[in-house]
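Just upload-v1.txt here, compact mmCIF, C-alpha atoms:
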```txt
# COMPACT_ATOMS: atom_id res chain seq x y z
CA MET A 1266 88.57 148.73 50.83
CA SER A 1267 84.98 148.15 49.75
CA ASN A 1268 82.06 148.12 52.17
CA LEU A 1269 81.67 144.42 51.37
CA ASN A 1270 85.16 143.62 52.66
CA ILE A 1271 84.72 145.81 55.77
CA ASN A 1272 81.43 144.03 56.51
CA LYS A 1273 83.18 140.67 56.05
CA ILE A 1274 85.83 141.63 58.62
CA VAL A 1275 83.24 143.03 61.05
CA ASN A 1276 81.22 139.79 60.74
CA HIS A 1277 84.18 137.85 62.11
CA LEU A 1278 84.75 140.05 65.18
CA PRO A 1279 82.10 138.64 67.59
CA GLY A 1280 83.32 135.06 67.12
CA ILE A 1281 86.97 136.07 67.43
CA ALA A 1282 86.13 137.95 70.64
CA LEU A 1283 84.38 134.80 71.94
CA LEU A 1284 87.46 132.69 71.09
CA PHE A 1285 89.64 135.14 73.02
CA ILE A 1286 87.34 135.30 76.05
CA VAL A 1287 87.03 131.49 76.30
CA GLY A 1288 90.78 130.99 75.79
CA TYR A 1289 91.69 133.74 78.26
CA ILE A 1290 89.38 132.31 80.93
CA GLY A 1291 91.24 129.01 80.42
CA LYS A 1292 94.54 130.80 80.93
CA LEU A 1293 93.27 132.59 84.07
CA LEU A 1294 91.87 129.36 85.54
CA GLU A 1295 95.05 127.32 84.96
CA PRO A 1296 96.87 128.43 88.15
CA VAL A 1297 93.61 128.41 90.16
CA LEU A 1298 92.64 124.83 89.23
CA THR A 1299 96.24 123.62 89.46
CA GLY A 1300 96.45 125.11 92.98
CA LEU A 1301 93.13 123.59 94.03
CA THR A 1302 93.82 120.09 92.70
CA GLY A 1303 97.58 119.89 93.18
CA VAL A 1304 97.82 118.51 89.62
CA LYS A 1305 99.09 120.61 86.72
CA ILE A 1306 96.02 121.33 84.58
CA GLU A 1307 97.01 122.97 81.28
CA TYR A 1308 95.06 126.00 80.01
CA VAL A 1309 94.64 124.03 76.79
CA LEU A 1310 92.33 121.51 78.46
CA ILE A 1311 90.37 124.17 80.35
CA ALA A 1312 89.78 126.29 77.22
CA ILE A 1313 88.60 123.24 75.26
CA ILE A 1314 86.21 122.11 78.01
CA ILE A 1315 84.72 125.61 78.41
CA GLY A 1316 84.24 125.78 74.62
CA LEU A 1317 82.66 122.32 74.57
CA LEU A 1318 80.24 123.26 77.35
CA ILE A 1319 79.19 126.47 75.58
CA ARG A 1320 78.69 124.70 72.21
CA ASN A 1321 76.70 121.82 73.64
CA LEU A 1322 74.71 123.44 76.46
CA ILE A 1323 73.52 126.64 74.81
CA LYS A 1324 72.63 127.58 71.27
CA ILE A 1325 75.38 129.88 70.03
CA PRO A 1326 73.86 132.74 67.99
CA GLU A 1327 74.72 132.65 64.27
CA ILE A 1328 76.58 135.97 64.61
CA PHE A 1329 79.48 134.15 66.34
CA ASN A 1330 79.97 131.36 63.76
CA PRO A 1331 82.11 133.19 61.13
CA GLY A 1332 84.60 134.23 63.83
CA ILE A 1333 84.68 130.76 65.43
CA ASP A 1334 85.58 129.35 61.98
CA THR A 1335 88.77 131.45 62.07
CA TYR A 1336 90.31 129.10 64.64
CA GLU A 1337 92.13 127.35 61.80
CA LEU A 1338 93.83 130.60 60.74
CA TRP A 1339 95.16 131.17 64.28
CA LEU A 1340 96.31 127.54 64.39
CA LYS A 1341 98.29 127.92 61.19
CA ILE A 1342 99.86 131.25 62.22
CA GLY A 1343 100.88 129.57 65.49
CA ILE A 1344 102.43 126.61 63.67
CA VAL A 1345 104.42 128.88 61.33
CA LEU A 1346 105.74 130.86 64.33
CA LEU A 1347 106.53 127.63 66.19
CA GLY A 1348 108.94 126.78 63.36
CA ALA A 1349 111.29 129.33 64.94
CA ARG A 1350 111.71 127.02 67.95
CA PHE A 1351 113.33 124.31 65.82
CA VAL A 1352 116.77 124.49 64.30
CA LEU A 1353 117.08 122.38 61.18
CA GLN A 1354 119.07 119.68 63.02
CA ASP A 1355 115.99 119.13 65.26
CA ILE A 1356 113.76 118.92 62.22
CA PHE A 1357 116.04 116.38 60.56
CA LYS A 1358 116.25 114.27 63.72
CA LEU A 1359 112.73 114.43 65.20
CA GLY A 1360 111.07 115.14 61.84
CA GLY A 1361 113.00 112.30 60.17
CA ILE A 1362 111.98 109.82 62.87
CA SER A 1363 108.40 111.11 62.65
CA LEU A 1364 108.39 110.74 58.88
CA ALA A 1365 109.60 107.12 59.03
CA LEU A 1366 106.95 106.31 61.65
CA ILE A 1367 104.25 108.17 59.69
CA ILE A 1368 104.91 106.11 56.55
CA GLY A 1369 104.42 102.92 58.61
CA GLU A 1370 101.30 104.42 60.17
CA VAL A 1371 99.81 105.42 56.79
CA PHE A 1372 100.08 101.87 55.44
CA PHE A 1373 98.77 100.29 58.63
CA ALA A 1374 95.87 102.76 59.02
CA THR A 1375 94.85 102.37 55.39
CA ALA A 1376 94.95 98.56 55.52
CA ILE A 1377 92.99 98.29 58.77
CA MET A 1378 90.37 100.80 57.64
CA ILE A 1379 89.79 98.97 54.36
CA LEU A 1380 89.39 95.64 56.17
CA LEU A 1381 86.98 97.14 58.71
CA GLY A 1382 85.08 99.06 56.02
CA ARG A 1383 84.44 95.77 54.21
CA TYR A 1384 83.43 94.04 57.45
CA PHE A 1385 80.99 96.85 58.38
CA LYS A 1386 79.75 97.05 54.74
CA LEU A 1387 80.49 100.77 54.37
CA SER A 1388 80.58 102.23 50.86
CA GLU A 1389 84.02 102.04 49.27
CA LYS A 1390 84.37 105.81 49.04
CA LEU A 1391 83.31 106.39 52.66
CA THR A 1392 85.91 103.79 53.67
CA THR A 1393 88.50 105.61 51.58
CA LEU A 1394 87.64 108.96 53.16
CA LEU A 1395 87.91 107.44 56.65
CA ALA A 1396 91.24 105.83 55.67
CA VAL A 1397 92.59 109.15 54.37
CA GLY A 1398 91.29 111.04 57.42
CA SER A 1399 92.72 108.59 59.94
CA SER A 1400 96.05 108.01 58.19
CA ILE A 1401 96.99 111.55 57.27
CA CYS A 1402 95.34 114.72 58.19
CA GLY A 1403 91.78 114.57 59.43
CA VAL A 1404 89.33 117.01 57.91
CA SER A 1405 91.74 118.74 55.49
CA ALA A 1406 92.68 115.42 53.89
CA ILE A 1407 89.05 114.34 53.65
CA ILE A 1408 88.12 117.62 51.92
CA ALA A 1409 91.13 117.27 49.60
CA ALA A 1410 90.26 113.65 48.78
CA ARG A 1411 86.55 114.32 48.29
CA GLY A 1412 86.92 116.03 44.91
CA ALA A 1413 89.81 113.84 43.78
CA ILE A 1414 87.97 110.53 44.24
CA GLY A 1415 84.50 111.86 43.40
CA ALA A 1416 82.93 111.06 46.80
CA ASN A 1417 79.44 112.35 47.50
CA ASN A 1418 78.50 114.95 50.12
CA ARG A 1419 76.85 112.50 52.48
CA ASP A 1420 79.92 110.21 52.70
CA THR A 1421 82.17 113.23 53.13
CA ALA A 1422 80.05 114.75 55.90
CA TYR A 1423 79.91 111.37 57.69
CA ALA A 1424 83.66 110.90 57.43
CA ILE A 1425 84.31 114.43 58.77
CA ALA A 1426 81.94 113.98 61.69
CA ALA A 1427 83.44 110.58 62.55
CA ILE A 1428 87.03 111.87 62.41
CA LEU A 1429 86.15 114.96 64.49
CA GLY A 1430 84.32 112.85 67.07
CA LEU A 1431 87.18 110.38 67.36
CA GLY A 1432 89.69 113.24 67.49
CA ALA A 1433 87.78 114.87 70.34
CA ALA A 1434 87.78 111.61 72.30
CA GLY A 1435 91.51 111.06 71.67
CA LEU A 1436 92.26 114.56 72.86
CA PHE A 1437 91.22 113.63 76.40
CA ILE A 1438 92.29 109.97 76.47
CA TYR A 1439 95.71 109.87 74.74
CA PRO A 1440 97.62 112.39 76.91
CA ALA A 1441 96.44 110.50 80.03
CA ILE A 1442 97.72 107.22 78.52
CA GLY A 1443 101.03 108.91 77.68
CA HIS A 1444 101.45 110.01 81.30
CA ALA A 1445 100.44 106.56 82.58
CA LEU A 1446 103.14 105.00 80.38
CA ASN A 1447 105.64 107.61 81.56
CA LEU A 1448 106.51 108.64 78.00
CA SER A 1449 109.11 111.37 77.54
CA ASP A 1450 107.99 114.69 76.05
CA ASN A 1451 109.57 113.76 72.71
CA ALA A 1452 108.02 110.29 72.56
CA ALA A 1453 104.59 111.56 73.66
CA GLY A 1454 104.79 114.45 71.20
CA ILE A 1455 105.60 112.16 68.26
CA TRP A 1456 102.96 109.62 69.29
CA LEU A 1457 100.25 112.29 69.64
CA GLY A 1458 101.33 114.03 66.43
CA ILE A 1459 101.05 110.85 64.37
CA SER A 1460 97.96 109.45 66.15
CA VAL A 1461 95.54 112.36 66.60
CA ASP A 1462 93.93 113.02 63.25
CA ASN A 1463 93.03 116.67 63.07
CA THR A 1464 95.83 119.24 63.31
CA ALA A 1465 94.20 121.44 65.97
CA GLU A 1466 93.48 118.40 68.15
CA ALA A 1467 97.02 117.02 67.65
CA VAL A 1468 98.55 120.32 68.81
CA ALA A 1469 96.07 120.51 71.70
CA ALA A 1470 96.73 116.90 72.80
CA GLY A 1471 100.45 117.69 72.91
CA GLY A 1472 99.66 120.84 74.92
CA ILE A 1473 97.58 118.85 77.40
CA PHE A 1474 100.58 116.52 77.93
CA SER A 1475 103.19 119.32 78.29
CA GLU A 1476 104.45 122.46 76.56
CA GLU A 1477 107.47 120.58 75.14
CA ALA A 1478 105.27 117.71 73.90
CA MET A 1479 103.10 120.30 72.11
CA ARG A 1480 106.19 121.57 70.26
CA VAL A 1481 107.06 118.03 69.13
CA SER A 1482 103.47 116.94 68.35
CA THR A 1483 103.13 120.03 66.13
CA LEU A 1484 106.30 119.06 64.25
CA ALA A 1485 105.16 115.45 63.81
CA LYS A 1486 101.69 116.55 62.65
CA THR A 1487 103.23 119.08 60.26
CA MET A 1488 105.33 116.31 58.69
CA ARG A 1489 102.15 114.25 58.40
CA ASN A 1490 100.31 117.15 56.77
CA ALA A 1491 103.11 117.50 54.22
CA LEU A 1492 102.23 114.03 52.89
CA ILE A 1493 98.59 114.87 52.21
CA GLY A 1494 99.07 115.41 48.46
CA PHE A 1495 100.85 112.08 47.92
CA VAL A 1496 98.20 110.01 49.69
CA VAL A 1497 95.30 111.79 47.98
CA LEU A 1498 97.05 111.47 44.60
CA ALA A 1499 97.49 107.72 45.14
CA TRP A 1500 93.78 107.30 45.90
CA ALA A 1501 92.77 109.56 42.99
CA MET A 1502 94.88 107.45 40.58
CA TYR A 1503 93.35 104.25 41.99
CA TYR A 1504 89.78 105.48 41.42
CA ALA A 1505 90.65 106.98 38.02
CA SER A 1506 92.11 103.62 36.91
CA ARG A 1507 88.70 102.08 37.63
CA GLY A 1508 86.82 104.86 35.85
CA ALA A 1509 85.30 106.05 39.14
CA ALA A 1510 87.05 109.46 39.23
CA LYS A 1511 88.63 111.93 36.79
CA GLU A 1512 92.13 111.23 35.45
CA ILE A 1513 94.86 113.44 36.99
CA THR A 1514 96.74 114.85 34.01
CA ASN A 1515 99.30 117.13 35.72
CA LYS A 1516 100.48 115.29 38.83
CA GLY A 1517 103.05 117.95 39.80
CA GLN A 1518 100.37 120.65 39.77
CA PHE A 1519 98.02 118.36 41.72
CA LEU A 1520 100.66 117.81 44.43
CA TRP A 1521 101.37 121.55 44.67
CA ASP A 1522 97.64 122.38 44.86
CA LYS A 1523 97.10 119.90 47.71
CA PHE A 1524 100.31 120.80 49.58
CA PRO A 1525 99.52 122.77 52.77
CA LYS A 1526 101.45 126.00 52.17
CA PHE A 1527 101.73 126.95 55.84
CA VAL A 1528 104.20 124.04 56.14
CA LEU A 1529 106.55 126.11 53.95
CA GLY A 1530 106.23 128.97 56.45
CA PHE A 1531 107.05 126.57 59.31
CA PHE A 1532 110.26 125.46 57.54
CA ALA A 1533 111.15 129.05 56.59
CA PHE A 1534 110.97 130.12 60.25
CA SER A 1535 113.09 127.12 61.23
CA ILE A 1536 115.72 128.12 58.64
CA LEU A 1537 115.72 131.70 60.02
CA SER A 1538 116.21 130.28 63.51
CA THR A 1539 119.08 128.06 62.32
CA LEU A 1540 120.72 131.14 60.76
CA ALA A 1541 120.44 132.83 64.19
CA VAL A 1542 118.23 135.61 62.80
CA PHE A 1543 116.26 135.56 66.06
CA GLY A 1544 117.94 136.39 69.38
CA LYS A 1545 116.98 134.79 72.69
CA GLY A 1546 114.50 137.58 73.50
CA ASP A 1547 112.97 137.30 70.02
CA ILE A 1548 112.46 133.55 70.47
CA THR A 1549 110.73 134.16 73.82
CA SER A 1550 108.40 136.70 72.20
CA LEU A 1551 107.70 134.35 69.26
CA LYS A 1552 106.90 131.54 71.72
CA ASN A 1553 104.56 133.78 73.70
CA LEU A 1554 102.93 134.93 70.48
CA TYR A 1555 102.20 131.40 69.20
CA GLN A 1556 100.80 130.52 72.62
CA TRP A 1557 98.33 133.43 72.22
CA PHE A 1558 97.35 132.20 68.77
CA PHE A 1559 96.99 128.62 70.06
CA LEU A 1560 94.83 129.97 72.88
CA LEU A 1561 92.28 131.10 70.26
CA THR A 1562 92.65 127.76 68.46
CA PHE A 1563 91.96 125.63 71.54
CA ALA A 1564 88.88 127.68 72.38
CA GLY A 1565 87.77 127.08 68.77
CA VAL A 1566 88.32 123.31 69.06
CA GLY A 1567 85.82 123.22 71.93
CA LEU A 1568 83.40 125.70 70.40
CA ARG A 1569 83.04 123.83 67.11
CA THR A 1570 82.75 120.30 68.61
CA SER A 1571 79.05 119.54 68.57
CA ILE A 1572 78.07 116.24 70.16
CA SER A 1573 74.65 116.30 68.46
CA GLU A 1574 76.36 116.54 65.02
CA MET A 1575 78.50 113.53 65.91
CA ARG A 1576 75.35 111.53 66.62
CA GLN A 1577 74.19 112.01 63.02
CA VAL A 1578 77.10 109.95 61.73
CA GLY A 1579 75.32 106.72 62.49
CA MET A 1580 76.78 103.85 64.45
CA ARG A 1581 78.47 101.80 61.73
CA PRO A 1582 80.91 104.45 60.34
CA PHE A 1583 81.63 105.62 63.88
CA VAL A 1584 82.27 102.13 65.32
CA CYS A 1585 84.35 101.21 62.26
CA GLY A 1586 86.38 104.42 62.65
CA ALA A 1587 86.73 103.92 66.39
CA ILE A 1588 88.03 100.35 66.09
CA ALA A 1589 90.50 101.45 63.41
CA GLU A 1590 91.60 104.43 65.53
CA VAL A 1591 92.27 102.21 68.53
CA ALA A 1592 94.23 99.73 66.39
CA VAL A 1593 96.26 102.51 64.74
CA THR A 1594 96.91 104.25 68.06
CA VAL A 1595 98.18 101.01 69.64
CA PHE A 1596 100.31 100.32 66.54
CA ASN A 1597 101.73 103.87 66.74
CA LEU A 1598 102.40 103.47 70.44
CA ILE A 1599 104.37 100.28 69.79
CA ILE A 1600 106.52 101.83 67.04
CA VAL A 1601 107.10 105.03 69.03
CA TYR A 1602 107.94 102.97 72.12
CA ALA A 1603 110.44 100.96 70.04
CA ALA A 1604 111.97 104.20 68.77
CA PHE A 1605 111.90 105.47 72.38
CA ILE A 1606 113.97 102.45 73.49
CA TYR A 1607 116.31 102.04 70.50
CA LEU A 1608 116.84 105.67 69.49
CA GLY A 1609 116.56 107.22 72.95
CA LEU A 1610 113.70 109.60 72.10
CA MET B 326 65.58 121.30 56.24
CA THR B 327 66.07 117.68 55.13
CA GLU B 328 68.89 115.53 56.51
CA GLU B 329 70.65 115.82 53.13
CA ASP B 330 70.38 119.64 53.23
CA GLN B 331 71.79 119.66 56.75
CA LEU B 332 74.74 117.47 55.74
CA ASN B 333 75.45 119.71 52.75
CA SER B 334 75.26 122.81 54.92
CA GLU B 335 77.72 121.33 57.46
CA LEU B 336 80.05 120.34 54.67
CA SER B 337 80.00 123.78 53.06
CA GLU B 338 80.75 125.23 56.51
CA HIS B 339 83.94 123.14 56.66
CA GLU B 340 84.86 124.15 53.14
CA ARG B 341 84.12 127.82 53.80
CA ALA B 342 86.57 127.80 56.69
CA ARG B 343 89.29 126.60 54.32
CA SER B 344 88.49 128.70 51.27
CA ALA B 345 90.23 131.86 50.15
CA TRP B 346 89.73 135.00 52.20
CA PHE B 347 89.72 138.15 50.08
CA GLY B 348 91.22 136.15 47.22
CA LEU B 349 94.10 134.63 49.21
CA HIS B 350 94.17 131.11 50.65
CA ILE B 351 94.11 130.86 54.46
CA ASP B 352 97.58 129.21 54.45
CA TRP B 353 99.16 132.24 52.77
CA TRP B 354 97.35 134.56 55.19
CA ALA B 355 98.88 132.54 58.04
CA VAL B 356 102.39 132.83 56.60
CA GLY B 357 101.95 136.56 55.87
CA ILE B 358 100.62 137.41 59.34
CA ALA B 359 103.42 135.36 60.99
CA VAL B 360 106.04 137.24 58.91
CA VAL B 361 104.55 140.62 59.88
CA PHE B 362 104.69 139.71 63.58
CA ALA B 363 108.24 138.35 63.23
CA ILE B 364 109.33 141.67 61.68
CA LEU B 365 107.63 143.61 64.51
CA ILE B 366 109.41 141.41 67.07
CA LYS B 367 112.75 142.00 65.31
CA LEU B 368 111.97 145.73 65.49
CA GLY B 369 111.58 145.47 69.27
CA LEU B 370 108.00 144.31 69.93
CA ASN B 371 107.94 142.42 73.21
CA VAL B 372 105.12 139.87 73.57
CA PRO B 373 104.33 138.88 77.17
CA TRP B 374 102.44 135.73 78.16
```
Structure translated into structure tokens:
Amino acid sequence: MSNLNINKIVNHLPGIALLFIVGYIGKLLEPVLTGLTGVKIEYVLIAIIIGLLIRNLIKIPEIFNPGIDTYELWLKIGIVLLGARFVLQDIFKLGGISLALIIGEVFFATAIMILLGRYFKLSEKLTTLLAVGSSICGVSAIIAARGAIGANNRDTAYAIAAILGLGAAGLFIYPAIGHALNLSDNAAGIWLGISVDNTAEAVAAGGIFSEEAMRVSTLAKTMRNALIGFVVLAWAMYYASRGAAKEITNKGQFLWDKFPKFVLGFFAFSILSTLAVFGKGDITSLKNLYQWFFLLTFAGVGLRTSISEMRQVGMRPFVCGAIAEVAVTVFNLIIVYAAFIYLGL
Amino acid sequence: MTEEDQLNSELSEHERARSAWFGLHIDWWAVGIAVVFAILIKLGLNVPW
């Protein structure tokens, strides 16, 4: 291995160590705070809050940033491992319900965002990026759509900051609403998975509600992520038809390029679980392992959420996004509640 | 640094986090690392929480 690669690995270590320390403090404080308050306070919430405080109260030295950026890798490893906790029948049932609800959510979110974008006089491409981010997959979808629709850097950065800001707010508010409405773990998990825009925040919001809700919110969000290519392709074709973006010549290749490959790993682990490759002890170890990886992720969610960066978005994109988010979240709550009543979620 | 430079720098930070590491996309790294751990667990690794 070249010196360059060794240096690259070493550069990541301080930030990874910080993720571990913040996450582990959250884990250690969970029983303490739960005992003091008499209310179950998940380590997820504690790790995120500690990370948020560090990011926003002190200036984190540059040396930590490469390692903090790795939170997405730990998230994806955790999601792949979590696939082992679903047999395919679960995926077909919960994933199928999620998929049907997601399709409704995508159309509603897109329509409401376009209407609000026009009302707030946002540029068409910024509106599109916000629509893609709020309907499908947060930052990943915005990045994927950016090149495909030919959006500029400023619109993309605004859309990312708005989606991250709204995701951070939802992280704290939605699980509390779910508890107030007495939602089951399955219903809360699906609602959070289809409502919270960024994957790390969707998993974390489920974790703040309950461990079981985190399992289901991860499944619902994974199904949502799987649709990223289709939504981006539709927008790319729309802009290309108006001469505002490049024509997509090979649509199959485009879909494969945009497809999040870790979703394949998630399904592969579920298939292995269905084939009983993993024994009971193995499943326990896999569960413990993904919790460790998620621990790093949740610390990263807090550590990369900068309130000062959110302020740069400007009021109009943020208010437009916020109104759309509230509308979409209420819409999702209604359809999940209906599924909760009629399908016994 | 102008506001435009700052926006570009934040954007490239997001993109950097998603780009290939050592020539392999982060998603494939995630699948590979998960498979390695699954094999270790099948071989008897016990992970406590």
Determine, for each residue of chain A having at least one atom at most 7 Å from an atom of chain B, the closest pair of atoms and their separation in Å to one decimal, counting only C-alpha atoms; order by chain and ascending number, as a tab-separated table.
```
residue	atom	partner	partner_atom	distance
A:Asp1334	CA	B:Ala342	CA	5.6
A:Thr1335	CA	B:Ala342	CA	6.9
A:Leu1338	CA	B:Ala355	CA	6.0
A:Lys1341	CA	B:Ala355	CA	5.6
A:Ile1342	CA	B:Ala355	CA	4.5
A:Val1345	CA	B:Val356	CA	6.5
A:Leu1346	CA	B:Ala359	CA	6.1
A:Asn1418	CA	B:Asn333	CA	6.2
A:Arg1419	CA	B:Leu332	CA	6.3
A:Ala1422	CA	B:Leu336	CA	5.7
A:Pro1525	CA	B:Asp352	CA	6.9
A:Lys1526	CA	B:Asp352	CA	5.5
A:Phe1527	CA	B:Asp352	CA	4.9
A:Gly1530	CA	B:Val356	CA	5.4
A:Asp1547	CA	B:Ile366	CA	6.2
A:Ser1550	CA	B:Val372	CA	4.8
A:Asn1553	CA	B:Trp374	CA	5.3
A:Leu1554	CA	B:Val372	CA	6.2
```
> So which residues touch region 1493-1497 of chain A within 7 Å, counting only C-alpha atoms, skipping near sequence neighbours fewer than 6 positions away, as a VMD selection string?
Replying inline: chain A and resid 1401 to 1402 1406 1410 1520 1523 to 1524
> With distances taken over all atoms listed in the file, which of A:Gln1354, A:Ser1460, A:Thr1539, A:Asn1417 is nearest to Ser1399 (chain A)?
Replying inline: A:Ser1460
Around (83.5, 97.3, 58.2), as given in the file, which residues come within 9 Å? Count only C-alpha atoms and list them as a CSV table (one decimal) with C-alpha atoms, in the frame of the given file.
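Contents of the output file selection.csv:
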```csv
chain,number,residue,atom,x,y,z
A,1378,MET,CA,90.4,100.8,57.6
A,1379,ILE,CA,89.8,99.0,54.4
A,1380,LEU,CA,89.4,95.6,56.2
A,1381,LEU,CA,87.0,97.1,58.7
A,1382,GLY,CA,85.1,99.1,56.0
A,1383,ARG,CA,84.4,95.8,54.2
A,1384,TYR,CA,83.4,94.0,57.4
A,1385,PHE,CA,81.0,96.8,58.4
A,1386,LYS,CA,79.8,97.0,54.7
A,1387,LEU,CA,80.5,100.8,54.4
A,1392,THR,CA,85.9,103.8,53.7
A,1581,ARG,CA,78.5,101.8,61.7
A,1582,PRO,CA,80.9,104.4,60.3
A,1584,VAL,CA,82.3,102.1,65.3
A,1585,CYS,CA,84.4,101.2,62.3
A,1586,GLY,CA,86.4,104.4,62.6
```
> Expressed in Å to a single decimal, how great is the separation between CA of Ser1388 (chain A) and CA of Lys1516 (chain A)?
Replying inline: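 Interatomic distance, CA of Ser1388 (chain A) to CA of Lys1516 (chain A): 26.7 Å.
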> How far is it from CA of Gly1291 (chain A) to CA of Tyr1308 (chain A), in Å with one decimal?
Replying inline: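 About the pair CA of Gly1291 (chain A) and CA of Tyr1308 (chain A): they are 4.9 Å apart.
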